[in-house]
$ cat my_file_12.cif   # mmCIF, C-alpha atoms
data_start
loop_
_atom_site.label_atom_id
_atom_site.label_comp_id
_atom_site.auth_asym_id
_atom_site.auth_seq_id
_atom_site.Cartn_x
_atom_site.Cartn_y
_atom_site.Cartn_z
CA MET A 14 10.16 -4.08 -24.63
CA ALA A 15 9.53 -1.02 -26.79
CA GLY A 16 7.51 -3.10 -29.26
CA LEU A 17 5.40 -4.54 -26.47
CA GLN A 18 4.72 -1.06 -25.11
CA GLU A 19 3.68 0.13 -28.57
CA ASP A 20 1.29 -2.80 -28.95
CA LEU A 21 -0.20 -2.29 -25.49
CA TYR A 22 -0.69 1.41 -26.14
CA SER A 23 -2.34 0.78 -29.50
CA VAL A 24 -4.70 -1.93 -28.21
CA LEU A 25 -5.90 -0.01 -25.18
CA THR A 26 -6.22 3.43 -26.76
CA GLY A 27 -7.10 2.54 -30.35
CA ASP A 28 -4.27 4.78 -31.58
CA ASP A 29 -2.96 2.67 -34.46
CA GLU A 30 -2.78 5.33 -37.15
CA GLY A 31 -0.02 7.48 -35.75
CA ARG A 32 0.62 9.20 -32.46
CA VAL A 33 -2.20 11.46 -31.30
CA CYS A 34 -1.04 14.29 -29.06
CA ARG A 35 -3.53 16.60 -27.38
CA ASP A 36 -2.76 19.01 -24.55
CA ILE A 37 0.72 17.63 -23.75
CA PRO A 38 4.19 19.06 -24.47
CA GLU A 39 5.39 18.24 -27.97
CA ALA A 40 8.58 16.71 -26.56
CA ALA A 41 6.49 14.10 -24.72
CA CYS A 42 4.60 12.93 -27.79
CA ASP A 43 7.00 10.20 -28.94
CA GLU A 44 7.41 8.92 -25.37
CA GLN A 45 3.72 8.11 -24.96
CA PRO A 46 3.85 4.28 -25.28
CA GLY A 47 6.55 4.00 -22.62
CA ASN A 48 4.94 6.59 -20.38
CA PHE A 49 1.54 4.96 -20.78
CA SER A 50 3.03 1.62 -19.69
CA ALA A 51 4.80 3.17 -16.70
CA HIS A 52 1.57 4.82 -15.57
CA LEU A 53 -0.38 1.60 -16.04
CA PHE A 54 2.11 -0.58 -14.14
CA SER A 55 2.66 1.81 -11.23
CA LEU A 56 -0.98 2.73 -10.81
CA SER A 57 -2.07 -0.92 -10.98
CA LEU A 58 0.30 -1.85 -8.15
CA THR A 59 -0.88 0.96 -5.89
CA LYS A 60 -4.53 0.11 -6.58
CA MET A 61 -3.80 -3.50 -5.62
CA GLY A 62 -2.27 -2.20 -2.41
CA ASP A 63 -5.41 -0.16 -1.78
CA GLY A 64 -7.56 -3.26 -2.02
CA LEU A 65 -5.34 -5.28 0.28
CA SER A 66 -5.32 -2.57 2.97
CA ASP A 67 -8.83 -1.11 2.58
CA PRO A 68 -9.70 0.78 5.83
CA LYS A 69 -13.42 0.08 5.40
CA ILE A 70 -12.86 -3.69 5.43
CA ILE A 71 -9.31 -4.93 6.01
CA LEU A 72 -8.08 -2.47 8.66
CA THR A 73 -11.40 -2.48 10.51
CA TRP A 74 -11.31 -6.30 10.67
CA LEU A 75 -7.69 -6.14 11.85
CA LEU A 76 -8.43 -3.72 14.71
CA GLN A 77 -11.31 -5.90 15.87
CA ALA A 78 -9.20 -9.06 15.69
CA LEU A 79 -6.44 -7.45 17.76
CA GLY A 80 -8.80 -6.15 20.43
CA ALA A 81 -8.48 -2.42 19.74
CA PRO A 82 -11.25 -0.22 21.21
CA ALA A 83 -14.27 -0.08 18.93
CA PHE A 84 -14.23 3.71 18.60
CA MET A 85 -10.83 3.56 16.92
CA ALA A 86 -12.29 1.76 13.92
CA GLY A 87 -14.58 4.74 13.44
CA PHE A 88 -11.60 6.98 12.75
CA LEU A 89 -10.15 4.85 9.94
CA VAL A 90 -12.16 6.12 6.97
CA PRO A 91 -12.16 9.84 8.01
CA ILE A 92 -8.39 9.79 8.47
CA ARG A 93 -7.88 7.93 5.22
CA GLU A 94 -10.14 10.11 3.05
CA ALA A 95 -10.04 13.57 4.60
CA GLY A 96 -6.37 13.25 5.52
CA ALA A 97 -5.50 12.60 1.89
CA LEU A 98 -7.43 15.64 0.66
CA LEU A 99 -7.18 18.46 3.20
CA PRO A 100 -3.43 19.19 2.96
CA GLN A 101 -3.45 19.52 -0.81
CA LEU A 102 -4.28 23.21 -0.95
CA PHE A 103 -1.13 24.05 0.99
CA ILE A 104 1.30 21.63 -0.64
CA ALA A 105 0.21 22.25 -4.23
CA ALA A 106 2.28 25.44 -4.40
CA TYR A 107 5.46 23.66 -3.37
CA ILE A 108 4.86 20.79 -5.78
CA ARG A 109 4.29 23.34 -8.52
CA SER A 110 7.71 24.86 -7.84
CA LEU A 111 9.28 21.58 -9.00
CA GLY A 112 9.92 21.19 -12.71
CA ARG A 113 9.52 17.39 -12.61
CA ARG A 114 6.83 16.12 -10.27
CA LYS A 115 7.27 12.40 -10.82
CA PHE A 116 9.75 12.39 -7.94
CA VAL A 117 7.02 13.64 -5.59
CA TRP A 118 4.74 10.79 -6.60
CA ALA A 119 7.51 8.20 -6.28
CA ALA A 120 8.50 9.46 -2.83
CA GLY A 121 4.88 9.54 -1.70
CA SER A 122 4.32 5.99 -2.93
CA ALA A 123 7.38 4.82 -1.02
CA VAL A 124 6.15 6.48 2.20
CA GLN A 125 2.73 4.84 1.76
CA GLY A 126 4.42 1.47 1.36
CA LEU A 127 6.51 1.93 4.48
CA ALA A 128 3.44 3.04 6.45
CA VAL A 129 1.50 -0.08 5.45
CA LEU A 130 4.49 -2.30 6.27
CA GLY A 131 4.50 -0.60 9.67
CA MET A 132 0.83 -1.48 10.14
CA GLY A 133 1.63 -5.11 9.42
CA ALA A 134 4.50 -5.07 11.91
CA ALA A 135 2.27 -3.46 14.54
CA GLY A 136 -0.20 -6.30 14.10
CA LEU A 137 2.56 -8.82 14.73
CA PHE A 138 3.79 -7.38 18.01
CA LEU A 139 1.02 -5.26 19.58
CA GLU A 140 -2.57 -5.60 20.74
CA GLY A 141 -5.42 -3.53 22.10
CA VAL A 142 -5.21 0.24 22.32
CA TRP A 143 -1.51 0.22 21.40
CA VAL A 144 -1.97 -1.42 18.01
CA GLY A 145 -5.04 0.73 17.34
CA GLY A 146 -3.23 3.95 18.14
CA LEU A 147 -0.16 3.05 16.08
CA ILE A 148 -2.22 2.00 13.06
CA LEU A 149 -4.18 5.27 13.20
CA LEU A 150 -0.91 7.22 13.39
CA LEU A 151 0.57 5.31 10.45
CA LEU A 152 -2.67 5.81 8.50
CA ALA A 153 -2.33 9.56 9.05
CA VAL A 154 1.23 9.42 7.64
CA PHE A 155 -0.07 7.31 4.77
CA SER A 156 -2.78 9.87 4.03
CA LEU A 157 -0.37 12.80 4.02
CA ALA A 158 1.86 10.99 1.52
CA ARG A 159 -1.19 10.16 -0.57
CA SER A 160 -2.15 13.83 -0.56
CA ALA A 161 1.15 14.75 -2.22
CA CYS A 162 0.75 11.90 -4.72
CA SER A 163 -2.72 13.09 -5.67
CA VAL A 164 -1.58 16.60 -6.54
CA ALA A 165 1.52 15.41 -8.38
CA TYR A 166 -0.11 12.56 -10.28
CA LYS A 167 -2.79 14.51 -12.11
CA ASP A 168 -0.19 17.04 -13.21
CA VAL A 169 2.27 14.35 -14.36
CA LEU A 170 -0.55 12.52 -16.13
CA GLY A 171 -1.53 15.75 -17.90
CA LYS A 172 2.04 16.22 -19.14
CA THR A 173 2.86 12.67 -20.22
CA VAL A 174 -0.37 11.11 -21.56
CA THR A 175 -2.54 12.59 -24.29
CA LYS A 176 -5.97 13.98 -23.46
CA SER A 177 -7.82 11.13 -25.18
CA ALA A 178 -6.06 8.37 -23.23
CA ARG A 179 -5.99 9.58 -19.62
CA GLY A 180 -9.23 7.97 -18.55
CA THR A 181 -8.17 4.79 -20.33
CA VAL A 182 -4.92 4.36 -18.40
CA THR A 183 -6.54 5.01 -15.01
CA GLY A 184 -9.57 2.88 -15.82
CA THR A 185 -7.45 -0.04 -17.06
CA ALA A 186 -5.24 0.12 -13.96
CA ASN A 187 -8.33 0.05 -11.75
CA SER A 188 -9.70 -2.99 -13.57
CA LEU A 189 -6.41 -4.91 -13.39
CA ALA A 190 -6.08 -4.19 -9.68
CA ALA A 191 -9.71 -5.06 -9.04
CA GLY A 192 -9.20 -8.42 -10.72
CA PHE A 193 -6.27 -9.17 -8.43
CA VAL A 194 -8.13 -8.14 -5.27
CA LEU A 195 -11.18 -10.10 -6.44
CA LEU A 196 -9.08 -13.26 -6.56
CA PHE A 197 -7.90 -12.52 -3.02
CA GLY A 198 -11.47 -12.03 -1.83
CA LEU A 199 -12.69 -15.20 -3.53
CA ALA A 200 -9.84 -17.15 -1.98
CA LEU A 201 -10.97 -15.92 1.43
CA ALA A 202 -14.67 -16.49 0.78
CA SER A 203 -14.12 -20.02 -0.57
CA GLY A 204 -11.90 -21.08 2.31
CA PHE A 205 -8.84 -21.51 0.10
CA LEU A 206 -7.28 -18.88 2.36
CA GLU A 207 -8.40 -18.95 5.96
CA ARG A 208 -9.92 -15.78 7.34
CA SER A 209 -7.21 -15.41 9.95
CA LEU A 210 -4.93 -12.78 11.40
CA LYS A 211 -1.83 -14.12 9.67
CA VAL A 212 -3.49 -13.93 6.23
CA VAL A 213 -4.61 -10.34 6.76
CA LEU A 214 -1.17 -9.32 8.02
CA GLY A 215 0.37 -11.06 5.01
CA ALA A 216 -1.90 -9.01 2.76
CA LEU A 217 -0.66 -5.82 4.42
CA PHE A 218 2.98 -6.77 3.94
CA LEU A 219 2.31 -7.57 0.28
CA ALA A 220 0.53 -4.23 -0.14
CA GLY A 221 3.52 -2.38 1.30
CA PHE A 222 5.92 -4.03 -1.14
CA LEU A 223 3.57 -3.23 -4.03
CA TRP A 224 3.75 0.48 -3.21
CA LEU A 225 7.54 0.38 -2.99
CA THR A 226 7.75 -1.36 -6.38
CA ALA A 227 5.41 1.22 -7.90
CA ALA A 228 7.65 4.01 -6.64
CA VAL A 229 10.64 2.56 -8.48
CA ALA A 230 8.65 1.90 -11.66
CA PHE A 231 7.25 5.44 -11.79
CA LEU A 232 10.75 6.88 -12.02
CA ARG A 233 10.95 5.37 -15.54
CA LEU A 234 8.60 8.09 -16.82
CA LYS A 235 10.08 10.49 -19.36
CA GLU A 236 8.73 13.72 -17.91
CA VAL A 237 9.71 17.05 -19.46
CA PRO A 238 10.07 20.00 -17.07
CA GLY A 239 6.83 21.93 -16.62
CA ALA A 240 5.80 25.38 -15.50
CA SER A 241 6.99 26.03 -11.95
CA GLU A 242 5.59 29.48 -11.17
CA GLY A 243 3.53 30.03 -8.05
CA GLY A 244 5.79 28.36 -5.50
CA ARG A 245 6.65 31.47 -3.50
CA ASN A 246 4.57 31.06 -0.32
CA ALA A 247 2.10 28.28 0.37
CA PHE A 248 -0.33 30.39 2.39
CA ASP A 249 -0.39 33.28 -0.10
CA VAL A 250 -0.90 30.90 -2.99
CA ALA A 251 -3.66 29.13 -1.04
CA LEU A 252 -5.52 32.43 -0.61
CA SER A 253 -5.23 33.18 -4.32
CA GLN A 254 -6.52 29.71 -5.13
CA ILE A 255 -9.55 30.21 -2.92
CA GLY A 256 -10.31 33.28 -5.00
CA LEU A 257 -10.85 30.97 -7.98
CA LEU A 258 -14.21 30.07 -6.47
CA LYS A 259 -15.40 33.61 -7.14
CA SER A 260 -13.83 34.04 -10.55
CA ASP A 261 -14.42 30.65 -12.19
CA ALA A 262 -18.04 29.50 -12.52
CA SER A 263 -17.04 26.19 -14.13
CA LEU A 264 -14.95 25.32 -11.07
CA ARG A 265 -17.85 26.16 -8.75
CA ARG A 266 -20.21 23.94 -10.72
CA PHE A 267 -17.70 21.09 -10.68
CA ILE A 268 -17.20 21.30 -6.91
CA LEU A 269 -20.97 21.49 -6.32
CA ALA A 270 -21.60 18.37 -8.40
CA ARG A 271 -18.73 16.54 -6.75
CA ALA A 272 -20.00 17.49 -3.28
CA PHE A 273 -23.41 15.91 -3.87
CA LEU A 274 -21.83 12.88 -5.53
CA MET A 275 -19.95 12.19 -2.28
CA ALA A 276 -23.04 10.09 -1.54
CA SER A 277 -21.44 7.19 -3.43
CA ALA A 278 -18.47 7.22 -1.04
CA LEU A 279 -20.31 7.89 2.23
CA SER A 280 -23.31 5.60 1.84
CA PRO A 281 -21.87 2.02 1.74
CA PRO A 282 -21.54 1.65 5.56
CA PHE A 283 -25.16 2.75 6.01
CA LEU A 284 -26.31 0.40 3.29
CA LEU A 285 -24.66 -2.41 5.23
CA MET A 286 -26.51 -1.26 8.36
CA LEU A 287 -29.77 -2.00 6.56
CA ALA A 288 -28.69 -5.65 6.50
CA ALA A 289 -28.28 -5.74 10.31
CA GLY A 290 -28.97 -9.12 11.83
CA GLU A 291 -27.48 -11.05 8.92
CA GLY A 292 -24.29 -12.08 10.71
CA GLY A 293 -22.22 -8.91 11.02
CA ALA A 294 -20.62 -6.78 8.35
CA PHE A 295 -17.08 -7.97 8.82
CA GLY A 296 -17.69 -11.60 9.67
CA ALA A 297 -17.74 -12.44 5.96
CA LEU A 298 -14.45 -10.74 5.16
CA GLY A 299 -13.94 -12.44 1.82
CA ALA A 300 -17.46 -11.67 0.57
CA PHE A 301 -17.10 -7.95 1.15
CA VAL A 302 -13.64 -7.78 -0.38
CA SER A 303 -14.95 -9.68 -3.40
CA ALA A 304 -18.00 -7.44 -3.87
CA SER A 305 -15.96 -4.27 -3.83
CA ALA A 306 -13.28 -5.65 -6.14
CA LEU A 307 -15.78 -7.15 -8.58
CA ALA A 308 -17.51 -3.80 -8.99
CA GLY A 309 -14.22 -2.16 -9.89
CA PHE A 310 -13.21 -4.99 -12.17
CA VAL A 311 -16.35 -4.96 -14.32
CA SER A 312 -16.74 -1.19 -14.55
CA SER A 313 -13.46 0.73 -14.29
CA TYR A 314 -12.23 0.29 -17.85
CA VAL A 315 -15.67 1.10 -19.27
CA TRP A 316 -16.02 4.19 -17.09
CA GLY A 317 -12.51 5.26 -18.10
CA ARG A 318 -13.23 4.97 -21.83
CA LEU A 319 -16.54 6.80 -21.42
CA SER A 320 -14.80 9.53 -19.41
CA ASP A 321 -12.43 10.19 -22.30
CA ARG A 322 -15.51 10.89 -24.44
CA SER A 323 -17.60 12.83 -21.90
CA SER A 324 -16.71 12.99 -18.20
CA ARG A 325 -19.81 15.14 -17.73
CA LYS A 326 -22.11 12.33 -18.87
CA VAL A 327 -20.21 9.80 -16.76
CA LEU A 328 -20.85 11.88 -13.64
CA PHE A 329 -24.53 12.19 -14.56
CA LEU A 330 -24.92 8.44 -15.09
CA ALA A 331 -22.99 7.59 -11.92
CA GLY A 332 -25.16 9.96 -9.88
CA CYS A 333 -28.34 8.39 -11.26
CA LEU A 334 -26.99 4.91 -10.52
CA THR A 335 -26.10 5.94 -6.96
CA SER A 336 -29.60 7.24 -6.33
CA LEU A 337 -31.27 4.22 -7.93
CA SER A 338 -29.25 1.64 -6.00
CA LEU A 339 -29.97 3.33 -2.67
CA LEU A 340 -33.69 3.69 -3.39
CA LEU A 341 -33.89 0.01 -4.35
CA ALA A 342 -32.09 -0.88 -1.13
CA LEU A 343 -34.69 1.08 0.86
CA LEU A 344 -37.55 -0.67 -0.94
CA THR A 345 -35.93 -4.05 -0.42
CA ARG A 346 -35.57 -3.39 3.28
CA HIS A 347 -39.14 -2.06 3.54
CA TRP A 348 -40.67 -5.10 1.82
CA GLU A 349 -38.32 -7.50 3.65
CA VAL A 350 -38.16 -9.70 0.56
CA GLY A 351 -34.84 -11.24 -0.47
CA SER A 352 -32.79 -8.93 1.76
CA GLY A 353 -30.12 -11.58 2.18
CA TRP A 354 -29.07 -11.38 -1.47
CA LEU A 355 -30.71 -8.21 -2.82
CA LEU A 356 -28.99 -5.82 -0.41
CA PRO A 357 -25.52 -7.13 -1.39
CA LEU A 358 -26.57 -6.75 -5.02
CA TRP A 359 -27.50 -3.08 -4.49
CA LEU A 360 -24.19 -2.58 -2.69
CA PHE A 361 -22.43 -4.02 -5.73
CA VAL A 362 -24.34 -1.60 -8.00
CA LEU A 363 -23.48 1.28 -5.67
CA MET A 364 -19.77 0.46 -5.88
CA ILE A 365 -20.02 0.48 -9.67
CA ALA A 366 -21.53 3.97 -9.43
CA HIS A 367 -18.71 5.02 -7.09
CA GLN A 368 -16.14 3.93 -9.67
CA GLY A 369 -17.90 6.13 -12.21
CA VAL A 370 -17.83 9.12 -9.87
CA ARG A 371 -14.14 8.65 -9.14
CA LEU A 372 -13.04 8.24 -12.75
CA GLY A 373 -15.42 10.88 -14.10
CA ARG A 374 -14.40 13.63 -11.70
CA SER A 375 -10.68 12.76 -11.99
CA THR A 376 -10.76 12.93 -15.80
CA HIS A 377 -12.93 16.06 -15.77
CA ILE A 378 -10.63 18.14 -13.55
CA VAL A 379 -7.56 17.17 -15.62
CA ASP A 380 -9.22 17.99 -18.94
CA MET A 381 -11.01 21.11 -17.66
CA VAL A 382 -7.88 23.26 -17.42
CA GLY A 383 -4.41 23.34 -18.92
CA GLU A 384 -1.06 22.72 -17.29
CA GLU A 385 -0.83 26.24 -15.87
CA LYS A 386 -3.82 25.85 -13.53
CA ARG A 387 -4.21 22.09 -13.13
CA ALA A 388 -2.43 21.67 -9.79
CA ALA A 389 -4.24 24.65 -8.23
CA TYR A 390 -7.70 23.52 -9.36
CA THR A 391 -7.07 19.95 -8.19
CA ALA A 392 -5.81 21.02 -4.78
CA LEU A 393 -8.63 23.51 -4.18
CA SER A 394 -11.44 21.16 -5.14
CA ASN A 395 -9.95 18.27 -3.15
CA THR A 396 -9.51 20.44 -0.06
CA ILE A 397 -13.15 21.55 -0.09
CA ILE A 398 -14.34 17.98 -0.58
CA GLY A 399 -11.99 16.86 2.20
CA LEU A 400 -13.65 19.27 4.63
CA LEU A 401 -17.07 18.00 3.63
CA LEU A 402 -15.94 14.39 4.01
CA ALA A 403 -14.64 15.15 7.50
CA ALA A 404 -18.02 16.67 8.36
CA GLY A 405 -19.68 13.56 6.95
CA GLY A 406 -19.17 11.88 10.31
CA ALA A 407 -22.33 13.70 11.38
CA PHE A 408 -24.36 11.22 9.31
CA GLY A 409 -23.31 8.51 11.74
CA LEU A 410 -24.71 10.54 14.62
CA LEU A 411 -27.93 11.10 12.67
CA ALA A 412 -28.28 7.37 12.02
CA THR A 413 -28.01 6.75 15.76
CA TYR A 414 -31.24 8.67 16.33
CA THR A 415 -33.17 8.05 13.11
CA GLY A 416 -31.88 4.70 11.91
CA PRO A 417 -29.83 4.03 8.77
CA GLY A 418 -32.87 4.15 6.46
CA VAL A 419 -33.25 7.92 6.82
CA VAL A 420 -29.57 8.48 6.08
CA VAL A 421 -29.68 6.19 3.04
CA GLY A 422 -32.68 8.20 1.81
CA ILE A 423 -30.69 11.43 2.18
CA PHE A 424 -27.83 9.94 0.21
CA ALA A 425 -30.23 8.79 -2.51
CA LEU A 426 -31.45 12.39 -2.84
CA MET A 427 -27.85 13.65 -2.89
CA GLY A 428 -27.04 11.28 -5.73
CA LEU A 429 -29.94 12.59 -7.78
CA VAL A 430 -29.03 16.24 -7.14
CA GLY A 431 -25.42 15.44 -8.01
CA ALA A 432 -26.50 13.91 -11.31
CA LEU A 433 -28.56 16.98 -12.20
CA SER A 434 -25.66 19.24 -11.17
CA ALA A 435 -23.35 17.29 -13.49
CA LEU A 436 -25.57 18.18 -16.44
CA ARG A 437 -24.58 21.82 -15.92
CA LEU A 438 -20.90 21.04 -16.43
CA GLU A 439 -19.12 21.81 -19.69
CA GLU A 440 -18.17 19.16 -22.24
CA VAL A 441 -14.45 19.57 -21.63
CA GLN A 442 -13.46 16.72 -23.96
CA ARG A 443 -14.67 18.61 -27.05
CA ASP A 444 -11.61 20.86 -27.32
#
$ encode --input "my_file_12.cif" --output "structure tokens"
Amino acid sequence: MAGLQEDLYSVLTGDDEGRVCRDIPEAACDEQPGNFSAHLFSLSLTKMGDGLSDPKIILTWLLQALGAPAFMAGFLVPIREAGALLPQLFIAAYIRSLGRRKFVWAAGSAVQGLAVLGMGAAGLFLEGVWVGGLILLLLAVFSLARSACSVAYKDVLGKTVTKSARGTVTGTANSLAAGFVLLFGLALASGFLERSLKVVLGALFLAGFLWLTAAVAFLRLKEVPGASEGGRNAFDVALSQIGLLKSDASLRRFILARAFLMASALSPPFLLMLAAGEGGAFGALGAFVSASALAGFVSSYVWGRLSDRSSRKVLFLAGCLTSLSLLLALLTRHWEVGSGWLLPLWLFVLMIAHQGVRLGRSTHIVDMVGEEKRAAYTALSNTIIGLLLAAGGAFGLLATYTGPGVVVGIFALMGLVGALSALRLEEVQRD
């Protein structure tokens, strides 16, 4: 097993001339192959679970199939995204008080798995408003657990994997998971698996077990105790973290760029609205699952490797790609030529850009600061973005009055501004 881990580490990172250790405790250096494998396995399983329980596609289809009120589906993405980000400012202090944070991630993964299993069980026994309400409640629990995992993971990653391999492990895990979910989507689209309630519920049960398995696997990490100062009072620490916005210009620039680059996450539903009249967004369940997974499969590893060289440039390129894909979608819709296949193509390109934004900003925040400040910076930036994501529901109201084209145009402009803002970031991978 140790030899296989060494080979895997060498192939994926290119480290075949001796162990390279940058910005991690010296005691963790020799454990890198095993730790790299544990990260890769655990993260791959949770990413597979994400694809099998995607609120934008899977859970929305499930609520519709079970007769839940339509407005409930509108709460899925806000609860999932904002709920995973907003609590982080207040729980980061507690997590920091723990010497080993892998236990936080493992516990959070287990809770996420149980929540998804609960969603599957709800689909078996309930219908209508009852199943909708219970799934929303379980999604809120899921998001809170994910919030803890997000804070803990970046800190554990920064302590156990060298600076030049962090983007590689996350990018590879994303690609492996995307390949798995792509096969699931193709099986649905081809008719090999019927697009039925029992298949979707089966996917949820499988996703739950994947999270539970990841929790057990993550405990294999050899994590040395880290700094644990700052865990005195969550509210006091939160106030001191907010003060970082005034004292750290690099943090402000990062949050500004990330705020504009939210366009890659918020725009896909409105891009689908441009294709109205083509049969309904969630009628072709397999096609949408496949498109999203394929984008991650073909781009995640590449974005991860590029992020290890320059996360700043990755964010710039991803912002440009976001803007370009949305502008092309607007032109396609305006000319009404080939909308049936061009709009899905631009959606595919947009999801590639979104993978770049996710991997670029994740790698940038980890490499931007050392272990002493990493949890605080991560929690603060995620909390601000969480508030903005929650406010992003206003775009839906705007689209009601102006149509989706205007909103897509706004997102295209946001992507361009985000790309230009990314150019002002520091090259944190140089040190």
$ resolve_selection --input "my_file_12.cif" --expression "the PyMOL selection byres ((chain A and resi 339) around 8)" --output "ChimeraX atom specification"
/A:284,335-338,340-343,359,363,421-422,424-425
$ residues_around --input "my_file_12.cif" --residues "Leu89 (chain A)" --least-positions-apart "6" --cutoff "10 Å" --atoms "only C-alpha atoms" --output "compact mmCIF listing (two decimals) with C-alpha atoms, in the coordinates of the input"
# COMPACT_ATOMS: atom_id res chain seq x y z
CA ASP A 67 -8.83 -1.11 2.58
CA PRO A 68 -9.70 0.78 5.83
CA LYS A 69 -13.42 0.08 5.40
CA LEU A 72 -8.08 -2.47 8.66
CA THR A 73 -11.40 -2.48 10.51
CA LEU A 76 -8.43 -3.72 14.71
CA GLY A 145 -5.04 0.73 17.34
CA ILE A 148 -2.22 2.00 13.06
CA LEU A 149 -4.18 5.27 13.20
CA LEU A 152 -2.67 5.81 8.50
CA ALA A 153 -2.33 9.56 9.05
$ resolve_selection --input "my_file_12.cif" --expression "the PyMOL selection byres ((chain A and resi 232) around 8)" --output "JSON, numbers by chain"
{"A": [115, 116, 119, 228, 229, 230, 231, 233, 234]}
$ residues_around --input "my_file_12.cif" --residues "Leu372 (chain A)" --least-positions-apart "2" --cutoff "12 Å" --atoms "only C-alpha atoms" --output "count of residues only"
41
$ residues_around --input "my_file_12.cif" --residues "region 435-439 of chain A" --least-positions-apart "5" --cutoff "7 Å" --atoms "all atoms listed in the file" --output "VMD selection string"
chain A and resid 263 266 to 267 270 325 328 to 329
$ resolve_selection --input "my_file_12.cif" --expression "the PyMOL selection byres ((chain A and resi 387-402) around 8)" --output "ChimeraX atom specification"
/A:91,94-102,105-106,109,164-165,167-168,254-255,264,268,271-272,275,378-379,382-386,403-406
$ residues_around --input "my_file_12.cif" --residues "Gly192 (chain A)" --least-positions-apart "4" --cutoff "8 Å" --atoms "all atoms listed in the file" --output "compact mmCIF listing (two decimals) with C-alpha atoms, in the coordinates of the input"
# COMPACT_ATOMS: atom_id res chain seq x y z
CA SER A 188 -9.70 -2.99 -13.57
CA LEU A 196 -9.08 -13.26 -6.56
CA ALA A 306 -13.28 -5.65 -6.14
CA LEU A 307 -15.78 -7.15 -8.58
CA PHE A 310 -13.21 -4.99 -12.17
$ atom_distance --input "my_file_12.cif" --atom1 "CA of Gly126 (chain A)" --atom2 "CA of Phe138 (chain A)"
18.9 Å
$ closest_residue --input "my_file_12.cif" --among "A:Gly204, A:Gly171, A:Gly256, A:Gly221" --to "Ala128 (chain A)" --atoms "all atoms listed in the file"
A:Gly221
$ closest_residue --input "my_file_12.cif" --among "A:Leu151, A:Val90, A:Ser66, A:Val169" --to "Gly131 (chain A)" --atoms "all atoms listed in the file"
A:Leu151
$ atom_distance --input "my_file_12.cif" --atom1 "CA of Trp143 (chain A)" --atom2 "CA of Ser305 (chain A)"
29.4 Å
$ closest_residue --input "my_file_12.cif" --among "A:Ala216, A:Val441, A:Leu344, A:Ala81" --to "Gly373 (chain A)" --atoms "all atoms listed in the file"
A:Val441
$ atom_distance --input "my_file_12.cif" --atom1 "CA of Gly133 (chain A)" --atom2 "CA of Ala278 (chain A)"
25.8 Å
$ closest_residue --input "my_file_12.cif" --among "A:Arg208, A:Lys172, A:Arg159, A:Arg346" --to "Asp380 (chain A)" --atoms "all atoms listed in the file"
A:Lys172
$ closest_residue --input "my_file_12.cif" --among "A:Phe155, A:Phe361, A:Phe103, A:Phe54" --to "Ala300 (chain A)" --atoms "all atoms listed in the file"
A:Phe361
$ residues_near_point --input "my_file_12.cif" --point "(-28.5, 8.2, 12.3)" --cutoff "12 Å" --atoms "all atoms listed in the file" --output "PyMOL selection string"
chain A and resi 280+282-283+286-287+405-423
$ residues_around --input "my_file_12.cif" --residues "Leu225 (chain A)" --least-positions-apart "6" --cutoff "8 Å" --atoms "all atoms listed in the file" --output "list in words"
Ser122, Ala123, Gly126 and Leu127 of chain A
$ write_last_selection --input "my_file_12.cif" --atoms "C-alpha atoms" --output "PDB file, in the frame of the given file"
ATOM      1  CA  SER A 122       4.320   5.990  -2.930  1.00  0.00           C
ATOM      2  CA  ALA A 123       7.380   4.820  -1.020  1.00  0.00           C
ATOM      3  CA  GLY A 126       4.420   1.470   1.360  1.00  0.00           C
ATOM      4  CA  LEU A 127       6.510   1.930   4.480  1.00  0.00           C
TER       5      LEU A 127
END
$ closest_residue --input "my_file_12.cif" --among "A:Glu140, A:Ser55, A:Trp74, A:Thr173" --to "Arg113 (chain A)" --atoms "all atoms listed in the file"
A:Thr173
$ build_atoms --input "my_file_12.cif" --residues "region 91-97 of chain A" --atoms "N, CA and C atoms" --output "tab-separated table (two decimals), in the coordinates of the input"
chain	number	residue	atom	x	y	z
A	91	PRO	N	-12.42	8.38	8.02
A	91	PRO	CA	-12.16	9.84	8.01
A	91	PRO	C	-10.69	10.20	7.87
A	92	ILE	N	-9.82	9.50	8.59
A	92	ILE	CA	-8.39	9.79	8.47
A	92	ILE	C	-7.89	9.48	7.07
A	93	ARG	N	-8.34	8.35	6.54
A	93	ARG	CA	-7.88	7.93	5.22
A	93	ARG	C	-8.34	8.88	4.12
A	94	GLU	N	-9.60	9.29	4.13
A	94	GLU	CA	-10.14	10.11	3.05
A	94	GLU	C	-9.84	11.59	3.24
A	95	ALA	N	-10.25	12.14	4.38
A	95	ALA	CA	-10.04	13.57	4.60
A	95	ALA	C	-8.56	13.89	4.73
A	96	GLY	N	-7.80	13.01	5.36
A	96	GLY	CA	-6.37	13.25	5.52
A	96	GLY	C	-5.62	13.29	4.21
A	97	ALA	N	-6.14	12.59	3.20
A	97	ALA	CA	-5.50	12.60	1.89
A	97	ALA	C	-5.88	13.83	1.07
